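What follows is a set of notes on a single structure, which appears directly below.
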Amino acid sequence: MDNTDEILVEFIEEAKEILDQLDLDFVMLEAEPDNNKLIGNIFRGLHTLKGSSGFFALKRLEKLTHAGETLLGKVRDGTIAINTSMVSVLLSCLDELRKLISGIETNQVEPPGDDSHLIEQLLNLSNGVSIPLNSEKPFVSEVLPPSEKNNLNPDIHAHEVQNSPPQDEVVPESELNTNLEEPVKSDVENTIEAFANESSAPVKVNLELLDKLMNLVSEMVLARNRLLPFTNEFDDHQFSNAVRNIDLLTQELQERMMMTRMQPISQIWSKFPRLIRDVSNECQKKVNLIQIGSDTELDRTLIDAIRDPLVHIIRNCIDHGIEAPINRLSLGKPEIGQVLLKASHENGMVVIEISDDGGGINFELVSQTAVAKKLITSERALTISEMQLLEYIFLPGFSTKSVVTNLSGRGVGMDVVKNNISKIGGSVEINSYKNKGTNIRLKIPLTLAVMPALFVRCEKERYAIPQNSIVEMVRIDLSSDHTGLEDFYGTPVFRLRNKLVPLLLLNQQLHLSNKVPDHQSVIHIALLQSAGIQFGLLVDEVLNMQEVVVKPLGPLFAGISDFAGATILGDGSVALILDTDGIASSSGLVEKIQAKPLNPEIYLQEVSDDLVSMLVFELPGLHYTAIPLECVDRLESFTIDQIQKNGSREVVPYGDGIMQLIRINEYIDGAIHSPPSTDDPLSVITHYVDGVPMGLVVGKVHDITQVPSNMHQINSQQRGLKGCVIHNGSVINIIDIKEILRIKKIQDSEIMSYHDKDQSPLTVIDWKKL
Amino acid sequence: MKHSGDYLTFSLGNLHFGIIATDVLELNKNLEVTHVPKSPDTVRGITNLRGQLVPAIDMYQRLGMVNKNGHIETIAIILKSRAMIVALLVDSVGEILSLDEETFETPPSNFPEMSRELVFGVHKLTDKLLLMLDHTKIIGGIQASTKQFLLN
C-alpha cells in the first residue's frame, strides 16, 4: 500500500503540472486555433491524465478527461473548429479536474460529485452542437447531499480495494511512459523533444536537505574567513595557494547555493494569461497580456508573497484601468487593451512593473471618495496633490467603485498589495496619467534570507535592527537640548523636528536594566516605523550596518516576541535580531498611541504650510548655518587626498566629471577664514547650478530642520547671508547661495588677473602636496 | 525505561550524573553563549554550533542546584532530544560507562520533587552514586516553563 501511496503522490504532482500547462495552452489555443502542435500537446496532457486515473481507479477523473479528450480528438482531426465557448467549457472542465485532484490529495479518494452535465456539454460540443457562452454556471458540478455521498463512498472504496495493485503488477515507469506516448506517435517531433528534455530535467530535492546544505555553505564561508588571515602570518607559498583555492571554491559554492533558492518569476506569471482571460471576459473587455523578463529570478519564499499583490493589481488594471472596447475606439486607442508585466533586476532589487494603457487613476473620483469618507476636508481636497491622493488608495476599505462586484469594490486590493509588499521589505510606487494608463512598480529585495540590518549595542550585547523598519537615526545631546526627554501620560517622548515621538528604552524593554539616561548624556535613538506607529528606540551605541542571515531561535524561545531570530556574525558569535513589530506591541506602546495620539492632525498641516526644510551645518565661527534643502543635491565627504587642483581652483572627481569646491566660509560675514585642517575629511554639500555640480565645503553637518519660512532680515545685510530664523531658541543663519556664487565669480576673475600673486594659504598647502 | 546500556557521565559540583550516550552527538569546550533576554533562567542563551543555533541549558538551574564554586561550566554536552539539538552546560565530563540492571535503584522517596521528575534512578557504583537523567524531561520541562514564564 505504501508503494501505491507514493505513486499516487507522484501522480498528483504530475497532474497538477499538467493542469497548469493546460491552462496556458488553452488560452493560447483560443488565440491561434489552428496550432496543431498545441492541440497535440493538450490532447497528450489529457490523455496522460486519463491513463493514470484509470490506473488508480479514479472514475470521475477518467470519465471527465475522456470526454475532454473526445472533443479535442475531433478538433485535432479538424472535424470541428475551436471557438471561445468551447474553450470556456474546456477550462471549466479543467477547474473541475483541479478540484478532483486536490480532493484526492487530501482524502486519497475522489470527492463525490456528478459531472454528467459537464460531460454532456463536452460530448455535445464534440458532436457539433454549440451552446451559448454565458451559461457557464451549470457546468460546475454540485456536491451531492450527504445521504447520496454515503452511497457513493463505499463504491469508491470498493474500487480502490479491487484495483490497488499487488506489488508485482505495478507497471514499471518506463513501460508506463511508452503506453502513454502511444497515441501521439504521429507527432514524432514532439516525442523527440520530450526525450531530449528528459536528460536535463530538473530533479526534485527535499527542501530540508537544501536548507541544510545552505547552512553548511554559510558555515563554510565563516570557516574560510577565519582561515584567510593565516596566509599573511605564514610565508609558505604552497599553503597560501591552497587557501586561495579554498577561498575561490567557497565563493563559487556560496553563489551556486544561493541560486538553488532562486526561482524564475514565470512560476506565478504562468497563471496570469488565464486570469486575464477570465477577468476580461467577465468585464467584457479585450485585453492582451505582454510579459517581459519572465526568467527573472527571486527567492522562492518571496515568490509566494508577491502572488496575491500581483493578482490584485492585474484585476485592478482590467477592471478599473482598461476601458470598454467602444470607449477605447472613441478615444482613438486600439480596441484591445494592453497589460504589460515586466520584471528586472535593479541595484540588487527585483523590480516588477505592471502597466496598462487604460484610463489612468481618476483622481477626481479618489478625492471625492476621500471627502465622502471624511478622510480629508473638502477645502483640503482642492489643494491636495495627486501624489498625496495616491496614499488614500492604499487605505483599507477605500474603493472608488460604488457597487461591490465579484471583481472589485471592496477596497481590499491595494491594501493587500501595500501590506504584503512592505512585509517583505519592498515598496510600491504608482504613476498614473489620465487616458494614458497606470504604471505600478513593485520593488522587492532579491532574497529574504539575507537582509540589511543595523547593529546597536545595549548593555553589553549587540542587537540587530532590520533596516526596513528604520526611518532614521537620531542623536540628541541632552545637555544642550532644551526640551530633552518629556513625559506624555506616562510614556517617555522626545521632540523631533517639533513632533513628539514616543520612546522605548531597549534596556528596559529587554529587562536588562532599569537605567535611564541622565540629563547630561548624549543619547542615540533609532526611529522605527512598525506596527503602524512611529517610535524611537533608545540604544546605548550605534554600531554598523551589515547584511545578516536570519535564523530562527527555535522552540525554547518561541514565546518571546521581541526577537525575529538571530544571526551568526563573521567571527562566529551570535547576535539577536529585534522584531520591531513585536517590541512595539509587547511594550503596550501601540495601544497607548492609538488611545492618545501624540500629534493631532492640525499640527501636521502647519508643518506642510508654513515651514521650510533646512539643512543645518556648522561653519568655522558660525555655529548654526543653514541652506534650504531644495538647494542640496547630496551630501558627500572627501578626504584631502581626493582634492586636486585645476589652476587656482580646488576640484574633486565627481561622477563622470569634476566638481569645483567652494569654501563658503570665505564668502560669509562672521565666518572665520581659517585654513582647514588636513586630516579630517571634508563635508561637502553638492549644489547644482545650470546642471553643473558645485561642492560647498562646510563644517559639521547637523540635521534637517523645519524652520518658519518668514526670515528675520537685519537691516544692514550681512554678506553671504539671506537672513536668520529663530529655532528652539537659537539663531540659524541662512546662507544666500546665489550671492556666494556671485562673489566667488568676481573673485575668480580678480585672481585671474593677479595670477602670479596668488598667496592664499590654501594654495601653499596644496603646493606642498604636488 | 531501560536501566542498562551505555551512559555518559558528567559532574556538576560534587554530584555525578549519567545520561544515555546514544543521544549525545558531541562534546564541545568553551562554547560562546549569547544571552537571550526574557528567556527563563534555565536557558543560558544560544550558541553557534557550526551554523546552527542551539539553546544552551544551564544545568545547575535546571536541576535546582546552586553553583557554589561560582566558576563557569567548561564543557557542553550536545545532544539530540525530541528532534531538537541542545547544549547542556556542565562542569566536567567523565567516561562512558556500560551499566547493567544490577546496580540500578529507583530514586528514594525523600528525593526533592524537582529532581524526582528528572532523575529516573540511581546507579550505585563502587566509588560514587550516579544519578540517571532523562533528557527528554529536561527539555520538555523547559518548554513548559518558558510558557509559564511568559504568562507571568
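In the C-alpha cells, each chain is lettered A, B, ... as it comes, each chain's residues begin at 1, and ligands are numbered from 1 in order of appearance.
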Against chain B, which residues of chain A fall within 7 Å? For each one I want the closest pair of atoms and the distance in Å (one decimal), counting only C-alpha atoms, rows by chain and increasing residue number, as JSON lines.
```
{"residue": "A:Asn215", "atom": "CA", "partner": "B:Gly51", "partner_atom": "CA", "distance": 6.1}
{"residue": "A:Leu216", "atom": "CA", "partner": "B:Gly51", "partner_atom": "CA", "distance": 6.8}
{"residue": "A:Glu219", "atom": "CA", "partner": "B:Gly51", "partner_atom": "CA", "distance": 5.2}
{"residue": "A:Leu510", "atom": "CA", "partner": "B:Pro37", "partner_atom": "CA", "distance": 5.6}
{"residue": "A:His511", "atom": "CA", "partner": "B:Lys38", "partner_atom": "CA", "distance": 6.7}
{"residue": "A:Leu512", "atom": "CA", "partner": "B:Pro37", "partner_atom": "CA", "distance": 6.9}
{"residue": "A:Leu553", "atom": "CA", "partner": "B:Leu53", "partner_atom": "CA", "distance": 6.8}
{"residue": "A:Leu556", "atom": "CA", "partner": "B:Gln143", "partner_atom": "CA", "distance": 5.6}
{"residue": "A:Phe557", "atom": "CA", "partner": "B:Ser39", "partner_atom": "CA", "distance": 6.7}
{"residue": "A:Gly559", "atom": "CA", "partner": "B:Lys147", "partner_atom": "CA", "distance": 6.7}
{"residue": "A:Ile560", "atom": "CA", "partner": "B:Lys38", "partner_atom": "CA", "distance": 7.0}
{"residue": "A:Gly572", "atom": "CA", "partner": "B:Asn48", "partner_atom": "CA", "distance": 6.9}
{"residue": "A:Ser573", "atom": "CA", "partner": "B:Asn48", "partner_atom": "CA", "distance": 6.7}
{"residue": "A:Val574", "atom": "CA", "partner": "B:Thr34", "partner_atom": "CA", "distance": 6.1}
```
Spatial neighbours of A:Glu17, max dist 12 Å, only C-alpha atoms, sep filter under 2 positions, as a list in words: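 Counting only C-alpha atoms, the residues come to Glu10, Phe11, Ile12, Glu13, Glu14, Ala15, Leu19, Asp20, Gln21, Leu22, Asp23, Leu24, Gly45, Leu46, Thr48, Leu49, Arg98, Ile101, Gln267, Ser270 and Lys271 of chain A.
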Keeping only C-alpha atoms, take the residues you just selected and write them out as a PDB file, in the first residue's frame.
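The resulting file, again.pdb, is reproduced below:
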```pdb
ATOM      1  CA  GLU A  10       3.709  11.342  -7.750  1.00  0.00           C
ATOM      2  CA  PHE A  11       0.606  11.204  -9.895  1.00  0.00           C
ATOM      3  CA  ILE A  12      -0.945  14.159  -8.079  1.00  0.00           C
ATOM      4  CA  GLU A  13       2.208  16.205  -8.585  1.00  0.00           C
ATOM      5  CA  GLU A  14       2.278  15.301 -12.237  1.00  0.00           C
ATOM      6  CA  ALA A  15      -1.418  16.015 -12.657  1.00  0.00           C
ATOM      7  CA  LEU A  19      -3.227  21.123 -15.450  1.00  0.00           C
ATOM      8  CA  ASP A  20      -1.100  24.259 -15.100  1.00  0.00           C
ATOM      9  CA  GLN A  21       0.320  23.690 -18.528  1.00  0.00           C
ATOM     10  CA  LEU A  22      -3.155  23.015 -19.976  1.00  0.00           C
ATOM     11  CA  ASP A  23      -4.397  26.321 -18.580  1.00  0.00           C
ATOM     12  CA  LEU A  24      -1.752  28.119 -20.574  1.00  0.00           C
ATOM     13  CA  GLY A  45      -1.851  16.088 -21.440  1.00  0.00           C
ATOM     14  CA  LEU A  46      -5.448  14.999 -21.094  1.00  0.00           C
ATOM     15  CA  THR A  48      -1.850  11.164 -19.676  1.00  0.00           C
ATOM     16  CA  LEU A  49      -4.333  12.170 -17.011  1.00  0.00           C
ATOM     17  CA  ARG A  98      -8.271  20.511 -10.408  1.00  0.00           C
ATOM     18  CA  ILE A 101      -7.108  16.327  -7.834  1.00  0.00           C
ATOM     19  CA  GLN A 267       6.245  30.392 -11.827  1.00  0.00           C
ATOM     20  CA  SER A 270       2.259  31.470 -15.994  1.00  0.00           C
ATOM     21  CA  LYS A 271      -1.108  31.626 -14.229  1.00  0.00           C
TER      22      LYS A 271
END
```
Shell of 7 Å around B:Asp23, only C-alpha atoms, local chain residues under 3 positions omitted, as a list in words: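 In the requested form, the answer reads Ile20, Leu79 and Lys80 of chain B.
What separates atom CA of A:Lys722 from atom CA of A:Glu739 is a distance of 8.8 Å.
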All alpha helix (DSSP H) residues (DSSP, backbone) inside stretch 214-375 of chain A, as a PyMOL selection string: chain A and resi 214-227+230-233+237-261+266-269+272-283+300-316+325-330+363-372
Selection to disk with C-alpha atoms, as a PDB file, in the first residue's frame:
```
ATOM      1  CA  MET A 214      22.652  26.216   2.634  1.00  0.00           C
ATOM      2  CA  ASN A 215      23.515  26.243   6.304  1.00  0.00           C
ATOM      3  CA  LEU A 216      26.687  24.285   5.769  1.00  0.00           C
ATOM      4  CA  VAL A 217      27.768  26.573   2.981  1.00  0.00           C
ATOM      5  CA  SER A 218      27.387  29.698   5.090  1.00  0.00           C
ATOM      6  CA  GLU A 219      29.333  27.942   7.803  1.00  0.00           C
ATOM      7  CA  MET A 220      31.987  27.091   5.247  1.00  0.00           C
ATOM      8  CA  VAL A 221      32.212  30.765   4.377  1.00  0.00           C
ATOM      9  CA  LEU A 222      32.770  31.654   8.007  1.00  0.00           C
ATOM     10  CA  ALA A 223      35.403  28.953   8.380  1.00  0.00           C
ATOM     11  CA  ARG A 224      37.132  30.314   5.287  1.00  0.00           C
ATOM     12  CA  ASN A 225      37.060  33.799   6.772  1.00  0.00           C
ATOM     13  CA  ARG A 226      38.874  32.516   9.821  1.00  0.00           C
ATOM     14  CA  LEU A 227      41.407  30.744   7.675  1.00  0.00           C
ATOM     15  CA  PHE A 230      46.746  32.854   8.397  1.00  0.00           C
ATOM     16  CA  THR A 231      48.085  33.259   4.898  1.00  0.00           C
ATOM     17  CA  ASN A 232      49.612  36.546   5.987  1.00  0.00           C
ATOM     18  CA  GLU A 233      51.203  35.011   9.054  1.00  0.00           C
ATOM     19  CA  HIS A 237      53.719  29.698  -0.766  1.00  0.00           C
ATOM     20  CA  GLN A 238      52.029  26.357  -1.129  1.00  0.00           C
ATOM     21  CA  PHE A 239      49.903  26.976   1.913  1.00  0.00           C
ATOM     22  CA  SER A 240      48.762  30.344   0.551  1.00  0.00           C
ATOM     23  CA  ASN A 241      47.885  28.753  -2.738  1.00  0.00           C
ATOM     24  CA  ALA A 242      45.845  26.057  -1.091  1.00  0.00           C
ATOM     25  CA  VAL A 243      43.974  28.626   0.956  1.00  0.00           C
ATOM     26  CA  ARG A 244      43.371  30.786  -2.107  1.00  0.00           C
ATOM     27  CA  ASN A 245      41.929  27.775  -3.827  1.00  0.00           C
ATOM     28  CA  ILE A 246      39.600  27.124  -0.929  1.00  0.00           C
ATOM     29  CA  ASP A 247      38.660  30.770  -0.948  1.00  0.00           C
ATOM     30  CA  LEU A 248      37.628  30.685  -4.601  1.00  0.00           C
ATOM     31  CA  LEU A 249      35.816  27.394  -4.306  1.00  0.00           C
ATOM     32  CA  THR A 250      33.873  28.542  -1.276  1.00  0.00           C
ATOM     33  CA  GLN A 251      32.845  31.683  -3.035  1.00  0.00           C
ATOM     34  CA  GLU A 252      31.570  29.808  -6.016  1.00  0.00           C
ATOM     35  CA  LEU A 253      29.884  27.276  -3.788  1.00  0.00           C
ATOM     36  CA  GLN A 254      28.088  30.059  -1.977  1.00  0.00           C
ATOM     37  CA  GLU A 255      26.939  31.687  -5.196  1.00  0.00           C
ATOM     38  CA  ARG A 256      25.671  28.420  -6.620  1.00  0.00           C
ATOM     39  CA  MET A 257      23.937  27.596  -3.393  1.00  0.00           C
ATOM     40  CA  MET A 258      22.126  30.906  -3.394  1.00  0.00           C
ATOM     41  CA  MET A 259      20.941  30.086  -6.883  1.00  0.00           C
ATOM     42  CA  THR A 260      19.129  26.999  -5.655  1.00  0.00           C
ATOM     43  CA  ARG A 261      16.842  29.244  -3.660  1.00  0.00           C
ATOM     44  CA  SER A 266       7.374  32.825 -14.525  1.00  0.00           C
ATOM     45  CA  GLN A 267       6.245  30.392 -11.827  1.00  0.00           C
ATOM     46  CA  ILE A 268       3.465  32.770 -10.909  1.00  0.00           C
ATOM     47  CA  TRP A 269       3.244  34.616 -14.169  1.00  0.00           C
ATOM     48  CA  PHE A 272      -1.841  35.128 -15.440  1.00  0.00           C
ATOM     49  CA  PRO A 273      -2.919  34.534 -19.049  1.00  0.00           C
ATOM     50  CA  ARG A 274      -5.803  32.500 -17.681  1.00  0.00           C
ATOM     51  CA  LEU A 275      -6.575  35.132 -15.056  1.00  0.00           C
ATOM     52  CA  ILE A 276      -6.585  37.897 -17.637  1.00  0.00           C
ATOM     53  CA  ARG A 277      -8.803  35.925 -19.925  1.00  0.00           C
ATOM     54  CA  ASP A 278     -11.338  35.214 -17.199  1.00  0.00           C
ATOM     55  CA  VAL A 279     -11.384  38.718 -15.757  1.00  0.00           C
ATOM     56  CA  SER A 280     -11.563  40.431 -19.109  1.00  0.00           C
ATOM     57  CA  ASN A 281     -14.370  38.166 -20.246  1.00  0.00           C
ATOM     58  CA  GLU A 282     -16.250  38.985 -17.095  1.00  0.00           C
ATOM     59  CA  CYS A 283     -15.764  42.725 -17.615  1.00  0.00           C
ATOM     60  CA  ARG A 300      11.246  31.147  -3.579  1.00  0.00           C
ATOM     61  CA  THR A 301       9.775  32.460  -0.320  1.00  0.00           C
ATOM     62  CA  LEU A 302       9.234  35.813  -1.996  1.00  0.00           C
ATOM     63  CA  ILE A 303       7.508  34.282  -4.979  1.00  0.00           C
ATOM     64  CA  ASP A 304       4.651  33.245  -2.719  1.00  0.00           C
ATOM     65  CA  ALA A 305       4.474  36.636  -1.090  1.00  0.00           C
ATOM     66  CA  ILE A 306       4.034  38.562  -4.330  1.00  0.00           C
ATOM     67  CA  ARG A 307       1.429  36.294  -5.858  1.00  0.00           C
ATOM     68  CA  ASP A 308      -1.609  37.925  -4.219  1.00  0.00           C
ATOM     69  CA  PRO A 309      -0.486  41.511  -4.761  1.00  0.00           C
ATOM     70  CA  LEU A 310       0.099  40.822  -8.439  1.00  0.00           C
ATOM     71  CA  VAL A 311      -3.322  39.227  -8.857  1.00  0.00           C
ATOM     72  CA  HIS A 312      -4.959  42.247  -7.241  1.00  0.00           C
ATOM     73  CA  ILE A 313      -3.056  44.695  -9.369  1.00  0.00           C
ATOM     74  CA  ILE A 314      -3.842  42.877 -12.590  1.00  0.00           C
ATOM     75  CA  ARG A 315      -7.517  42.688 -11.701  1.00  0.00           C
ATOM     76  CA  ASN A 316      -7.492  46.391 -10.967  1.00  0.00           C
ATOM     77  CA  PRO A 325     -13.758  48.444 -26.284  1.00  0.00           C
ATOM     78  CA  ILE A 326     -16.237  51.079 -27.522  1.00  0.00           C
ATOM     79  CA  ASN A 327     -14.806  53.768 -25.274  1.00  0.00           C
ATOM     80  CA  ARG A 328     -11.316  52.850 -26.342  1.00  0.00           C
ATOM     81  CA  LEU A 329     -12.190  53.207 -30.007  1.00  0.00           C
ATOM     82  CA  SER A 330     -13.798  56.580 -29.419  1.00  0.00           C
ATOM     83  CA  PHE A 363      -8.018  61.481  -9.204  1.00  0.00           C
ATOM     84  CA  GLU A 364     -11.239  63.469  -9.025  1.00  0.00           C
ATOM     85  CA  LEU A 365     -13.117  60.362  -8.037  1.00  0.00           C
ATOM     86  CA  VAL A 366     -10.442  59.479  -5.483  1.00  0.00           C
ATOM     87  CA  SER A 367     -10.633  62.895  -3.857  1.00  0.00           C
ATOM     88  CA  GLN A 368     -14.444  62.806  -3.886  1.00  0.00           C
ATOM     89  CA  THR A 369     -14.379  59.414  -2.218  1.00  0.00           C
ATOM     90  CA  ALA A 370     -11.832  60.619   0.315  1.00  0.00           C
ATOM     91  CA  VAL A 371     -14.093  63.570   1.159  1.00  0.00           C
ATOM     92  CA  ALA A 372     -17.161  61.338   1.283  1.00  0.00           C
TER      93      ALA A 372
END
```
Long-range neighbours of B:Leu118 as a PDB file with N, CA and C atoms, in the first residue's frame, 12 Å cut-off, only C-alpha atoms, 6 positions minimum in chain:
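Final output, out.pdb:
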```
ATOM      1  N   PHE B  17      26.328  12.575  37.364  1.00  0.00           N
ATOM      2  CA  PHE B  17      25.110  12.239  36.627  1.00  0.00           C
ATOM      3  C   PHE B  17      25.440  11.334  35.460  1.00  0.00           C
ATOM      4  N   GLY B  18      24.399  10.629  35.017  1.00  0.00           N
ATOM      5  CA  GLY B  18      24.556   9.808  33.823  1.00  0.00           C
ATOM      6  C   GLY B  18      23.446  10.138  32.851  1.00  0.00           C
ATOM      7  N   ILE B  19      23.797  10.094  31.590  1.00  0.00           N
ATOM      8  CA  ILE B  19      22.797  10.383  30.573  1.00  0.00           C
ATOM      9  C   ILE B  19      23.031   9.406  29.426  1.00  0.00           C
ATOM     10  N   MET B  59      22.581  23.742  33.488  1.00  0.00           N
ATOM     11  CA  MET B  59      22.167  22.533  34.191  1.00  0.00           C
ATOM     12  C   MET B  59      22.050  22.738  35.694  1.00  0.00           C
ATOM     13  N   ARG B  62      18.671  24.129  35.979  1.00  0.00           N
ATOM     14  CA  ARG B  62      17.660  23.164  35.589  1.00  0.00           C
ATOM     15  C   ARG B  62      17.404  22.144  36.701  1.00  0.00           C
ATOM     16  N   LEU B  63      18.499  21.782  37.407  1.00  0.00           N
ATOM     17  CA  LEU B  63      18.362  20.770  38.465  1.00  0.00           C
ATOM     18  C   LEU B  63      18.124  21.425  39.823  1.00  0.00           C
ATOM     19  N   GLY B  64      17.937  22.736  39.793  1.00  0.00           N
ATOM     20  CA  GLY B  64      17.670  23.442  41.047  1.00  0.00           C
ATOM     21  C   GLY B  64      18.846  23.424  41.995  1.00  0.00           C
ATOM     22  N   PRO B 107      14.796   6.058  42.486  1.00  0.00           N
ATOM     23  CA  PRO B 107      15.188   7.118  43.417  1.00  0.00           C
ATOM     24  C   PRO B 107      14.434   6.992  44.734  1.00  0.00           C
ATOM     25  N   PHE B 111      13.556  12.105  47.858  1.00  0.00           N
ATOM     26  CA  PHE B 111      14.180  12.983  46.859  1.00  0.00           C
ATOM     27  C   PHE B 111      13.321  14.225  46.663  1.00  0.00           C
ATOM     28  N   PRO B 112      13.947  15.378  46.477  1.00  0.00           N
ATOM     29  CA  PRO B 112      13.122  16.565  46.203  1.00  0.00           C
ATOM     30  C   PRO B 112      12.307  16.370  44.922  1.00  0.00           C
ATOM     31  N   LEU B 131      23.507   9.636  39.313  1.00  0.00           N
ATOM     32  CA  LEU B 131      22.092   9.994  39.164  1.00  0.00           C
ATOM     33  C   LEU B 131      21.738   9.952  37.687  1.00  0.00           C
ATOM     34  N   MET B 132      20.739   9.167  37.365  1.00  0.00           N
ATOM     35  CA  MET B 132      20.409   8.974  35.956  1.00  0.00           C
ATOM     36  C   MET B 132      19.362   9.984  35.507  1.00  0.00           C
ATOM     37  N   LEU B 133      19.699  10.726  34.467  1.00  0.00           N
ATOM     38  CA  LEU B 133      18.808  11.794  33.997  1.00  0.00           C
ATOM     39  C   LEU B 133      18.051  11.374  32.739  1.00  0.00           C
ATOM     40  N   ASP B 134      16.811  11.797  32.668  1.00  0.00           N
ATOM     41  CA  ASP B 134      16.011  11.573  31.466  1.00  0.00           C
ATOM     42  C   ASP B 134      16.028  12.881  30.671  1.00  0.00           C
ATOM     43  N   HIS B 135      16.791  12.874  29.568  1.00  0.00           N
ATOM     44  CA  HIS B 135      16.994  14.168  28.896  1.00  0.00           C
ATOM     45  C   HIS B 135      15.736  14.703  28.224  1.00  0.00           C
ATOM     46  N   THR B 136      14.812  13.797  27.844  1.00  0.00           N
ATOM     47  CA  THR B 136      13.591  14.316  27.210  1.00  0.00           C
ATOM     48  C   THR B 136      12.814  15.180  28.197  1.00  0.00           C
ATOM     49  N   LYS B 137      12.903  14.792  29.479  1.00  0.00           N
ATOM     50  CA  LYS B 137      12.198  15.577  30.503  1.00  0.00           C
ATOM     51  C   LYS B 137      12.904  16.905  30.736  1.00  0.00           C
ATOM     52  N   ILE B 138      14.233  16.879  30.610  1.00  0.00           N
ATOM     53  CA  ILE B 138      14.987  18.122  30.807  1.00  0.00           C
ATOM     54  C   ILE B 138      14.495  19.187  29.829  1.00  0.00           C
ATOM     55  N   ILE B 139      14.370  18.780  28.571  1.00  0.00           N
ATOM     56  CA  ILE B 139      13.978  19.745  27.543  1.00  0.00           C
ATOM     57  C   ILE B 139      12.484  20.050  27.627  1.00  0.00           C
ATOM     58  N   GLY B 140      11.691  18.974  27.765  1.00  0.00           N
ATOM     59  CA  GLY B 140      10.248  19.171  27.831  1.00  0.00           C
ATOM     60  C   GLY B 140       9.861  20.127  28.940  1.00  0.00           C
ATOM     61  N   GLY B 141      10.509  19.974  30.072  1.00  0.00           N
ATOM     62  CA  GLY B 141      10.209  20.830  31.213  1.00  0.00           C
ATOM     63  C   GLY B 141      10.467  22.293  30.921  1.00  0.00           C
ATOM     64  N   ILE B 142      11.537  22.545  30.161  1.00  0.00           N
ATOM     65  CA  ILE B 142      11.869  23.941  29.874  1.00  0.00           C
ATOM     66  C   ILE B 142      10.804  24.575  28.992  1.00  0.00           C
TER      67      ILE B 142
END
```
Atom-to-atom span, atom CA of A:Met545 and atom CA of A:Met451, Å: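 Taking atom CA of A:Met545 as the start and atom CA of A:Met451 as the end point, the length is 10.4 Å.
With atom CA of A:Gly359 on one side and atom CA of A:Ile318 on the other, the separation reads 10.4 Å.
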All strand (DSSP E or B) residues (DSSP, backbone) inside chain B, as a ChimeraX atom specification: /B:5-12,15-20,24-29,33-34,43-49,52-58,75-81,84-90,92-99,104-105,119-124,129-133
Which residue of A:Gly729, A:Gly426, A:Gly490, A:Gly78 approaches A:Ile593 most closely, using only C-alpha atoms: A:Gly490
Selected residue of minimal separation from A:Ile292 among A:Lys59, A:Lys418, A:Ile352, A:Asp357, counting only C-alpha atoms: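 Closest to A:Ile292 of all the choices is A:Ile352.
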Contacts of B:Tyr60 at 9 Å (only C-alpha atoms; same-chain gap of 6+ positions) as a VMD selection string: chain B and resid 12 to 13 42 66 to 67 89 to 90
Dump C-alpha atoms for the selected residues as an mmCIF file, in the first residue's frame?
```cif
data_model
loop_
_atom_site.group_PDB
_atom_site.id
_atom_site.type_symbol
_atom_site.label_atom_id
_atom_site.label_comp_id
_atom_site.auth_asym_id
_atom_site.auth_seq_id
_atom_site.Cartn_x
_atom_site.Cartn_y
_atom_site.Cartn_z
ATOM 1 C CA LEU B 12 28.061 19.348 38.485
ATOM 2 C CA GLY B 13 29.741 20.445 41.698
ATOM 3 C CA THR B 42 17.239 27.570 32.913
ATOM 4 C CA VAL B 66 23.375 26.236 43.478
ATOM 5 C CA ASN B 67 26.608 26.769 41.614
ATOM 6 C CA LEU B 89 26.407 23.173 30.203
ATOM 7 C CA VAL B 90 28.224 21.065 32.809
#
```
Residue nearest B:Glu102 - candidates B:His16, B:Ser4, B:Leu129, B:Leu88, atoms counted: only C-alpha atoms: B:Ser4
